[in-house]
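J.: Dropping in protein_32.cif, with mmCIF, N, CA and C atoms.
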data_target
loop_
_atom_site.label_atom_id
_atom_site.label_comp_id
_atom_site.auth_asym_id
_atom_site.auth_seq_id
_atom_site.Cartn_x
_atom_site.Cartn_y
_atom_site.Cartn_z
N MET A 1310 181.11 109.52 50.27
CA MET A 1310 179.86 110.25 50.21
C MET A 1310 178.95 109.59 49.21
N SER A 1311 177.66 109.74 49.39
CA SER A 1311 176.66 109.25 48.45
C SER A 1311 176.05 110.45 47.73
N TYR A 1312 175.98 110.35 46.42
CA TYR A 1312 175.45 111.44 45.60
C TYR A 1312 174.25 110.92 44.82
N LYS A 1313 173.10 111.55 45.00
CA LYS A 1313 171.89 111.17 44.27
C LYS A 1313 171.95 111.80 42.88
N THR A 1314 171.99 110.95 41.87
CA THR A 1314 172.11 111.44 40.50
C THR A 1314 170.79 112.02 40.00
N GLN A 1315 170.88 112.81 38.96
CA GLN A 1315 169.70 113.42 38.33
C GLN A 1315 169.83 113.26 36.82
N GLY A 1316 168.76 112.74 36.19
CA GLY A 1316 168.72 112.67 34.74
C GLY A 1316 169.45 111.49 34.13
N THR A 1317 169.76 110.46 34.95
CA THR A 1317 170.46 109.28 34.44
C THR A 1317 169.75 108.01 34.89
N CYS A 1318 170.12 106.90 34.25
CA CYS A 1318 169.58 105.59 34.65
C CYS A 1318 170.09 105.18 36.02
N SER A 1319 171.33 105.54 36.33
CA SER A 1319 171.84 105.26 37.67
C SER A 1319 171.14 106.21 38.63
N THR A 1320 170.97 105.77 39.87
CA THR A 1320 170.24 106.57 40.85
C THR A 1320 171.13 107.16 41.93
N CYS A 1321 172.33 106.59 42.09
CA CYS A 1321 173.20 107.04 43.17
C CYS A 1321 174.65 106.68 42.81
N ILE A 1322 175.57 107.52 43.26
CA ILE A 1322 177.00 107.24 43.12
C ILE A 1322 177.62 107.36 44.50
N ASP A 1323 178.29 106.30 44.94
CA ASP A 1323 179.06 106.35 46.18
C ASP A 1323 180.51 106.59 45.79
N VAL A 1324 181.07 107.67 46.31
CA VAL A 1324 182.41 108.10 45.94
C VAL A 1324 183.28 108.22 47.18
N GLU A 1325 184.51 107.73 47.07
CA GLU A 1325 185.48 107.90 48.13
C GLU A 1325 186.69 108.62 47.55
N VAL A 1326 187.01 109.78 48.14
CA VAL A 1326 188.15 110.59 47.69
C VAL A 1326 189.05 110.82 48.90
N GLU A 1327 190.35 110.69 48.68
CA GLU A 1327 191.31 110.94 49.74
C GLU A 1327 192.46 111.78 49.19
N ASN A 1328 192.68 112.94 49.78
CA ASN A 1328 193.76 113.83 49.36
C ASN A 1328 193.70 114.14 47.87
N GLY A 1329 192.49 114.36 47.35
CA GLY A 1329 192.33 114.74 45.95
C GLY A 1329 192.44 113.59 44.96
N ILE A 1330 192.50 112.35 45.45
CA ILE A 1330 192.62 111.17 44.59
C ILE A 1330 191.35 110.31 44.74
N VAL A 1331 190.81 109.86 43.62
CA VAL A 1331 189.63 108.99 43.66
C VAL A 1331 190.06 107.61 44.16
N LYS A 1332 189.49 107.18 45.27
CA LYS A 1332 189.83 105.88 45.85
C LYS A 1332 188.84 104.81 45.43
N ASP A 1333 187.55 105.17 45.30
CA ASP A 1333 186.54 104.18 44.94
C ASP A 1333 185.30 104.89 44.40
N VAL A 1334 184.65 104.24 43.44
CA VAL A 1334 183.39 104.73 42.86
C VAL A 1334 182.47 103.54 42.68
N ARG A 1335 181.24 103.64 43.19
CA ARG A 1335 180.24 102.59 43.01
C ARG A 1335 178.92 103.24 42.60
N TYR A 1336 178.39 102.78 41.47
CA TYR A 1336 177.11 103.27 40.98
C TYR A 1336 176.00 102.32 41.41
N THR A 1337 174.81 102.87 41.63
CA THR A 1337 173.60 102.08 41.84
C THR A 1337 172.74 102.27 40.61
N GLY A 1338 172.38 101.16 39.96
CA GLY A 1338 171.59 101.23 38.74
C GLY A 1338 172.47 101.57 37.55
N GLY A 1339 171.83 101.79 36.42
CA GLY A 1339 172.56 102.15 35.21
C GLY A 1339 173.10 100.94 34.48
N CYS A 1340 173.97 101.17 33.53
CA CYS A 1340 174.56 100.12 32.68
C CYS A 1340 175.72 99.49 33.43
N ASN A 1341 175.47 98.37 34.05
CA ASN A 1341 176.40 97.75 34.99
C ASN A 1341 177.83 97.63 34.47
N GLY A 1342 178.01 97.02 33.32
CA GLY A 1342 179.37 96.82 32.80
C GLY A 1342 180.09 98.12 32.50
N ASN A 1343 179.40 99.05 31.84
CA ASN A 1343 180.02 100.34 31.51
C ASN A 1343 180.41 101.11 32.77
N LEU A 1344 179.54 101.09 33.76
CA LEU A 1344 179.82 101.85 34.97
C LEU A 1344 180.92 101.20 35.81
N LYS A 1345 181.01 99.88 35.79
CA LYS A 1345 182.14 99.22 36.45
C LYS A 1345 183.44 99.60 35.74
N GLY A 1346 183.37 99.70 34.41
CA GLY A 1346 184.55 100.10 33.65
C GLY A 1346 184.99 101.51 33.98
N ILE A 1347 184.06 102.45 34.00
CA ILE A 1347 184.38 103.83 34.36
C ILE A 1347 184.99 103.88 35.76
N SER A 1348 184.36 103.15 36.69
CA SER A 1348 184.85 103.14 38.07
C SER A 1348 186.29 102.64 38.14
N ALA A 1349 186.59 101.57 37.41
CA ALA A 1349 187.94 101.01 37.41
C ALA A 1349 188.94 101.98 36.79
N LEU A 1350 188.53 102.67 35.74
CA LEU A 1350 189.45 103.59 35.05
C LEU A 1350 189.79 104.82 35.88
N VAL A 1351 188.83 105.33 36.65
CA VAL A 1351 189.10 106.56 37.40
C VAL A 1351 189.73 106.31 38.76
N LYS A 1352 189.70 105.07 39.23
CA LYS A 1352 190.30 104.76 40.53
C LYS A 1352 191.79 105.08 40.48
N GLY A 1353 192.25 105.87 41.45
CA GLY A 1353 193.66 106.26 41.52
C GLY A 1353 193.97 107.55 40.78
N MET A 1354 192.99 108.10 40.06
CA MET A 1354 193.22 109.35 39.32
C MET A 1354 192.96 110.57 40.21
N PRO A 1355 193.65 111.67 39.95
CA PRO A 1355 193.32 112.92 40.62
C PRO A 1355 191.92 113.38 40.22
N VAL A 1356 191.20 113.92 41.18
CA VAL A 1356 189.84 114.40 40.93
C VAL A 1356 189.83 115.37 39.76
N ASP A 1357 190.76 116.30 39.71
CA ASP A 1357 190.79 117.31 38.65
C ASP A 1357 190.91 116.67 37.26
N GLU A 1358 191.65 115.59 37.16
CA GLU A 1358 191.83 114.91 35.87
C GLU A 1358 190.54 114.20 35.46
N VAL A 1359 189.88 113.57 36.42
CA VAL A 1359 188.60 112.92 36.11
C VAL A 1359 187.61 113.96 35.60
N VAL A 1360 187.51 115.08 36.29
CA VAL A 1360 186.58 116.13 35.88
C VAL A 1360 186.96 116.68 34.51
N ARG A 1361 188.24 116.87 34.27
CA ARG A 1361 188.69 117.39 32.97
C ARG A 1361 188.26 116.47 31.83
N ARG A 1362 188.34 115.18 32.05
CA ARG A 1362 188.05 114.22 31.00
C ARG A 1362 186.56 113.92 30.82
N LEU A 1363 185.79 113.95 31.89
CA LEU A 1363 184.41 113.45 31.84
C LEU A 1363 183.32 114.51 31.93
N ASP A 1364 183.67 115.71 32.36
CA ASP A 1364 182.67 116.77 32.53
C ASP A 1364 181.97 117.10 31.22
N GLY A 1365 180.66 117.14 31.27
CA GLY A 1365 179.87 117.57 30.11
C GLY A 1365 179.50 116.47 29.14
N ILE A 1366 179.96 115.24 29.37
CA ILE A 1366 179.57 114.14 28.49
C ILE A 1366 178.07 113.94 28.60
N ARG A 1367 177.44 113.74 27.45
CA ARG A 1367 175.99 113.54 27.42
C ARG A 1367 175.68 112.11 27.01
N CYS A 1368 174.52 111.63 27.41
CA CYS A 1368 174.04 110.30 27.06
C CYS A 1368 172.83 110.46 26.14
N GLY A 1369 173.03 110.17 24.87
CA GLY A 1369 171.93 110.33 23.91
C GLY A 1369 171.43 111.76 23.89
N ASN A 1370 170.13 111.93 24.02
CA ASN A 1370 169.51 113.26 24.02
C ASN A 1370 169.47 113.90 25.40
N LYS A 1371 169.95 113.19 26.41
CA LYS A 1371 169.93 113.72 27.78
C LYS A 1371 170.96 114.83 27.93
N GLU A 1372 170.70 115.71 28.86
CA GLU A 1372 171.61 116.84 29.13
C GLU A 1372 172.83 116.41 29.96
N THR A 1373 172.83 115.18 30.45
CA THR A 1373 173.89 114.69 31.33
C THR A 1373 174.15 113.22 31.04
N SER A 1374 175.00 112.61 31.83
CA SER A 1374 175.32 111.18 31.70
C SER A 1374 175.85 110.70 33.04
N CYS A 1375 176.07 109.41 33.16
CA CYS A 1375 176.66 108.88 34.40
C CYS A 1375 178.07 109.44 34.63
N PRO A 1376 178.93 109.54 33.59
CA PRO A 1376 180.23 110.16 33.82
C PRO A 1376 180.12 111.64 34.23
N ASP A 1377 179.20 112.37 33.63
CA ASP A 1377 178.99 113.77 33.98
C ASP A 1377 178.49 113.89 35.42
N GLN A 1378 177.61 112.99 35.83
CA GLN A 1378 177.11 113.00 37.20
C GLN A 1378 178.23 112.68 38.19
N LEU A 1379 179.18 111.83 37.78
CA LEU A 1379 180.33 111.56 38.63
C LEU A 1379 181.11 112.84 38.88
N CYS A 1380 181.26 113.67 37.86
CA CYS A 1380 181.95 114.96 38.03
C CYS A 1380 181.23 115.83 39.04
N LYS A 1381 179.91 115.86 38.97
CA LYS A 1381 179.12 116.63 39.94
C LYS A 1381 179.33 116.09 41.35
N ALA A 1382 179.37 114.76 41.48
CA ALA A 1382 179.62 114.15 42.79
C ALA A 1382 181.00 114.51 43.31
N LEU A 1383 182.00 114.48 42.43
CA LEU A 1383 183.36 114.82 42.85
C LEU A 1383 183.48 116.29 43.26
N ARG A 1384 182.78 117.16 42.56
CA ARG A 1384 182.77 118.57 42.96
C ARG A 1384 182.13 118.73 44.33
N GLN A 1385 181.06 117.98 44.59
CA GLN A 1385 180.41 118.04 45.89
C GLN A 1385 181.34 117.54 46.98
N CYS A 1386 182.08 116.49 46.69
CA CYS A 1386 183.08 115.99 47.65
C CYS A 1386 184.09 117.07 47.99
N ALA A 1387 184.55 117.77 46.97
CA ALA A 1387 185.53 118.83 47.18
C ALA A 1387 184.95 119.94 48.07
N LEU A 1388 183.69 120.29 47.83
CA LEU A 1388 183.03 121.30 48.65
C LEU A 1388 182.90 120.82 50.09
N ASP A 1389 182.52 119.57 50.25
CA ASP A 1389 182.35 119.01 51.60
C ASP A 1389 183.68 118.96 52.34
N GLU A 1390 184.77 118.65 51.64
CA GLU A 1390 186.10 118.60 52.27
C GLU A 1390 186.55 119.99 52.72
N GLY A 1391 186.13 121.03 51.98
CA GLY A 1391 186.51 122.40 52.29
C GLY A 1391 185.79 122.96 53.51
N ARG A 1392 184.78 122.29 53.97
CA ARG A 1392 184.00 122.79 55.12
C ARG A 1392 184.68 122.52 56.41
#
Taking this structure as input, can you express it in the form of structure tokens?
T.:
Amino acid sequence: MSYKTQGTCSTCIDVEVENGIVKDVRYTGGCNGNLKGISALVKGMPVDEVVRRLDGIRCGNKETSCPDQLCKALRQCALDEGR
């Protein structure tokens, strides 16, 4: 699924989840090296664990961050799978 981010330098997150496990994450825009690192770290992790670790992280004075937006994308994936 593609998730349009809000309030971050990245503009979109492409997320692939299978059976509750993060298979792939690709960001568009943002801090390239940091986001590649986050993507590599969460690959293979259960969605619930990613959300537990990254939910609510802020970037500077912003109310959100790229990791926080990933949590929102993963929640949306879960909702879409439940349909």
J.: Please expand the PyMOL selection byres (((chain A and resi 1362 and name CA) around 12) and name CA) into the concrete residues it hits in this file, giving the result as a PyMOL selection string.
T.: chain A and resi 1347+1350-1351+1354-1361+1363-1366+1376-1377+1379-1380
J.: Convert the current residue selection to file output with N, CA and C atoms, as a PDB file, in the coordinates of the input.
T.:
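Writing done, so here's selection29.pdb:
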ATOM      1  N   ILE A1347     184.060 102.450  34.000  1.00  0.00           N
ATOM      2  CA  ILE A1347     184.380 103.830  34.360  1.00  0.00           C
ATOM      3  C   ILE A1347     184.990 103.880  35.760  1.00  0.00           C
ATOM      4  N   LEU A1350     188.530 102.670  35.740  1.00  0.00           N
ATOM      5  CA  LEU A1350     189.450 103.590  35.050  1.00  0.00           C
ATOM      6  C   LEU A1350     189.790 104.820  35.880  1.00  0.00           C
ATOM      7  N   VAL A1351     188.830 105.330  36.650  1.00  0.00           N
ATOM      8  CA  VAL A1351     189.100 106.560  37.400  1.00  0.00           C
ATOM      9  C   VAL A1351     189.730 106.310  38.760  1.00  0.00           C
ATOM     10  N   MET A1354     192.990 108.100  40.060  1.00  0.00           N
ATOM     11  CA  MET A1354     193.220 109.350  39.320  1.00  0.00           C
ATOM     12  C   MET A1354     192.960 110.570  40.210  1.00  0.00           C
ATOM     13  N   PRO A1355     193.650 111.670  39.950  1.00  0.00           N
ATOM     14  CA  PRO A1355     193.320 112.920  40.620  1.00  0.00           C
ATOM     15  C   PRO A1355     191.920 113.380  40.220  1.00  0.00           C
ATOM     16  N   VAL A1356     191.200 113.920  41.180  1.00  0.00           N
ATOM     17  CA  VAL A1356     189.840 114.400  40.930  1.00  0.00           C
ATOM     18  C   VAL A1356     189.830 115.370  39.760  1.00  0.00           C
ATOM     19  N   ASP A1357     190.760 116.300  39.710  1.00  0.00           N
ATOM     20  CA  ASP A1357     190.790 117.310  38.650  1.00  0.00           C
ATOM     21  C   ASP A1357     190.910 116.670  37.260  1.00  0.00           C
ATOM     22  N   GLU A1358     191.650 115.590  37.160  1.00  0.00           N
ATOM     23  CA  GLU A1358     191.830 114.910  35.870  1.00  0.00           C
ATOM     24  C   GLU A1358     190.540 114.200  35.460  1.00  0.00           C
ATOM     25  N   VAL A1359     189.880 113.570  36.420  1.00  0.00           N
ATOM     26  CA  VAL A1359     188.600 112.920  36.110  1.00  0.00           C
ATOM     27  C   VAL A1359     187.610 113.960  35.600  1.00  0.00           C
ATOM     28  N   VAL A1360     187.510 115.080  36.290  1.00  0.00           N
ATOM     29  CA  VAL A1360     186.580 116.130  35.880  1.00  0.00           C
ATOM     30  C   VAL A1360     186.960 116.680  34.510  1.00  0.00           C
ATOM     31  N   ARG A1361     188.240 116.870  34.270  1.00  0.00           N
ATOM     32  CA  ARG A1361     188.690 117.390  32.970  1.00  0.00           C
ATOM     33  C   ARG A1361     188.260 116.470  31.830  1.00  0.00           C
ATOM     34  N   LEU A1363     185.790 113.950  31.890  1.00  0.00           N
ATOM     35  CA  LEU A1363     184.410 113.450  31.840  1.00  0.00           C
ATOM     36  C   LEU A1363     183.320 114.510  31.930  1.00  0.00           C
ATOM     37  N   ASP A1364     183.670 115.710  32.360  1.00  0.00           N
ATOM     38  CA  ASP A1364     182.670 116.770  32.530  1.00  0.00           C
ATOM     39  C   ASP A1364     181.970 117.100  31.220  1.00  0.00           C
ATOM     40  N   GLY A1365     180.660 117.140  31.270  1.00  0.00           N
ATOM     41  CA  GLY A1365     179.870 117.570  30.110  1.00  0.00           C
ATOM     42  C   GLY A1365     179.500 116.470  29.140  1.00  0.00           C
ATOM     43  N   ILE A1366     179.960 115.240  29.370  1.00  0.00           N
ATOM     44  CA  ILE A1366     179.570 114.140  28.490  1.00  0.00           C
ATOM     45  C   ILE A1366     178.070 113.940  28.600  1.00  0.00           C
ATOM     46  N   PRO A1376     178.930 109.540  33.590  1.00  0.00           N
ATOM     47  CA  PRO A1376     180.230 110.160  33.820  1.00  0.00           C
ATOM     48  C   PRO A1376     180.120 111.640  34.230  1.00  0.00           C
ATOM     49  N   ASP A1377     179.200 112.370  33.630  1.00  0.00           N
ATOM     50  CA  ASP A1377     178.990 113.770  33.980  1.00  0.00           C
ATOM     51  C   ASP A1377     178.490 113.890  35.420  1.00  0.00           C
ATOM     52  N   LEU A1379     179.180 111.830  37.780  1.00  0.00           N
ATOM     53  CA  LEU A1379     180.330 111.560  38.630  1.00  0.00           C
ATOM     54  C   LEU A1379     181.110 112.840  38.880  1.00  0.00           C
ATOM     55  N   CYS A1380     181.260 113.670  37.860  1.00  0.00           N
ATOM     56  CA  CYS A1380     181.950 114.960  38.030  1.00  0.00           C
ATOM     57  C   CYS A1380     181.230 115.830  39.040  1.00  0.00           C
TER      58      CYS A1380
END
J.: Tell me, which residues of stretch 1328-1390 of chain A carry DSSP strand (DSSP E or B), written as a PyMOL selection string?
T.: chain A and resi 1330-1338+1355
J.: Distance atom C of A:Lys1313-atom C of A:Asp1333, one decimal place?
T.: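 A separation of 15.1 Å between them.
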J.: Specify as a list in words each residue included when the PyMOL selection byres ((chain A and resi 1336) around 7) is applied to this file.
T.: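 Checking the PyMOL selection byres ((chain A and resi 1336) around 7) against this file, the residues are Ser1319, Thr1320, Cys1321, Ile1322, Asp1323, Val1334, Arg1335, Thr1337, Gly1338, Gly1339, Leu1344 and Lys1345 of chain A.
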J.: May I have the protein, DNA and RNA residues with any atom at most 8 Å from the point (181.6, 113.7, 46.1), counting all atoms listed in the file, written as a ChimeraX atom specification?
T.: /A:1310-1312,1322-1326,1379-1389
J.: Among the residues of chain A, find those DSSP assigns to alpha helix (DSSP H) from the backbone and print them as JSON, numbers by chain.
T.: {"A": [1341, 1342, 1343, 1344, 1345, 1346, 1347, 1348, 1349, 1350, 1351, 1356, 1357, 1358, 1359, 1360, 1361, 1362, 1363, 1375, 1376, 1377, 1378, 1379, 1380, 1381, 1382, 1383, 1384, 1385, 1386, 1387, 1388, 1389, 1390, 1391]}
J.: Could you jot down the atom CA of A:Gln1378 to atom CA of A:Thr1317 separation for me, Å, one decimal place?
T.: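 Computed distance, atom CA of A:Gln1378 to atom CA of A:Thr1317, equals 8.1 Å.
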J.: One decimal, in Å: what's the spacing between atom CA of A:Glu1327 and atom N of A:Lys1352?
T.: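 If I compute the distance from atom CA of A:Glu1327 to atom N of A:Lys1352, I get 12.1 Å.
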J.: Dig up all the protein and nucleic acid residues within 12 Å of (171.5, 105.8, 24.3) in the file frame, using only C-alpha atoms, and format them as a list in words.
T.: Thr1317, Cys1318, Gly1339, Cys1340, Arg1367, Cys1368, Gly1369, Asn1370, Lys1371, Thr1373, Ser1374 and Cys1375 of chain A
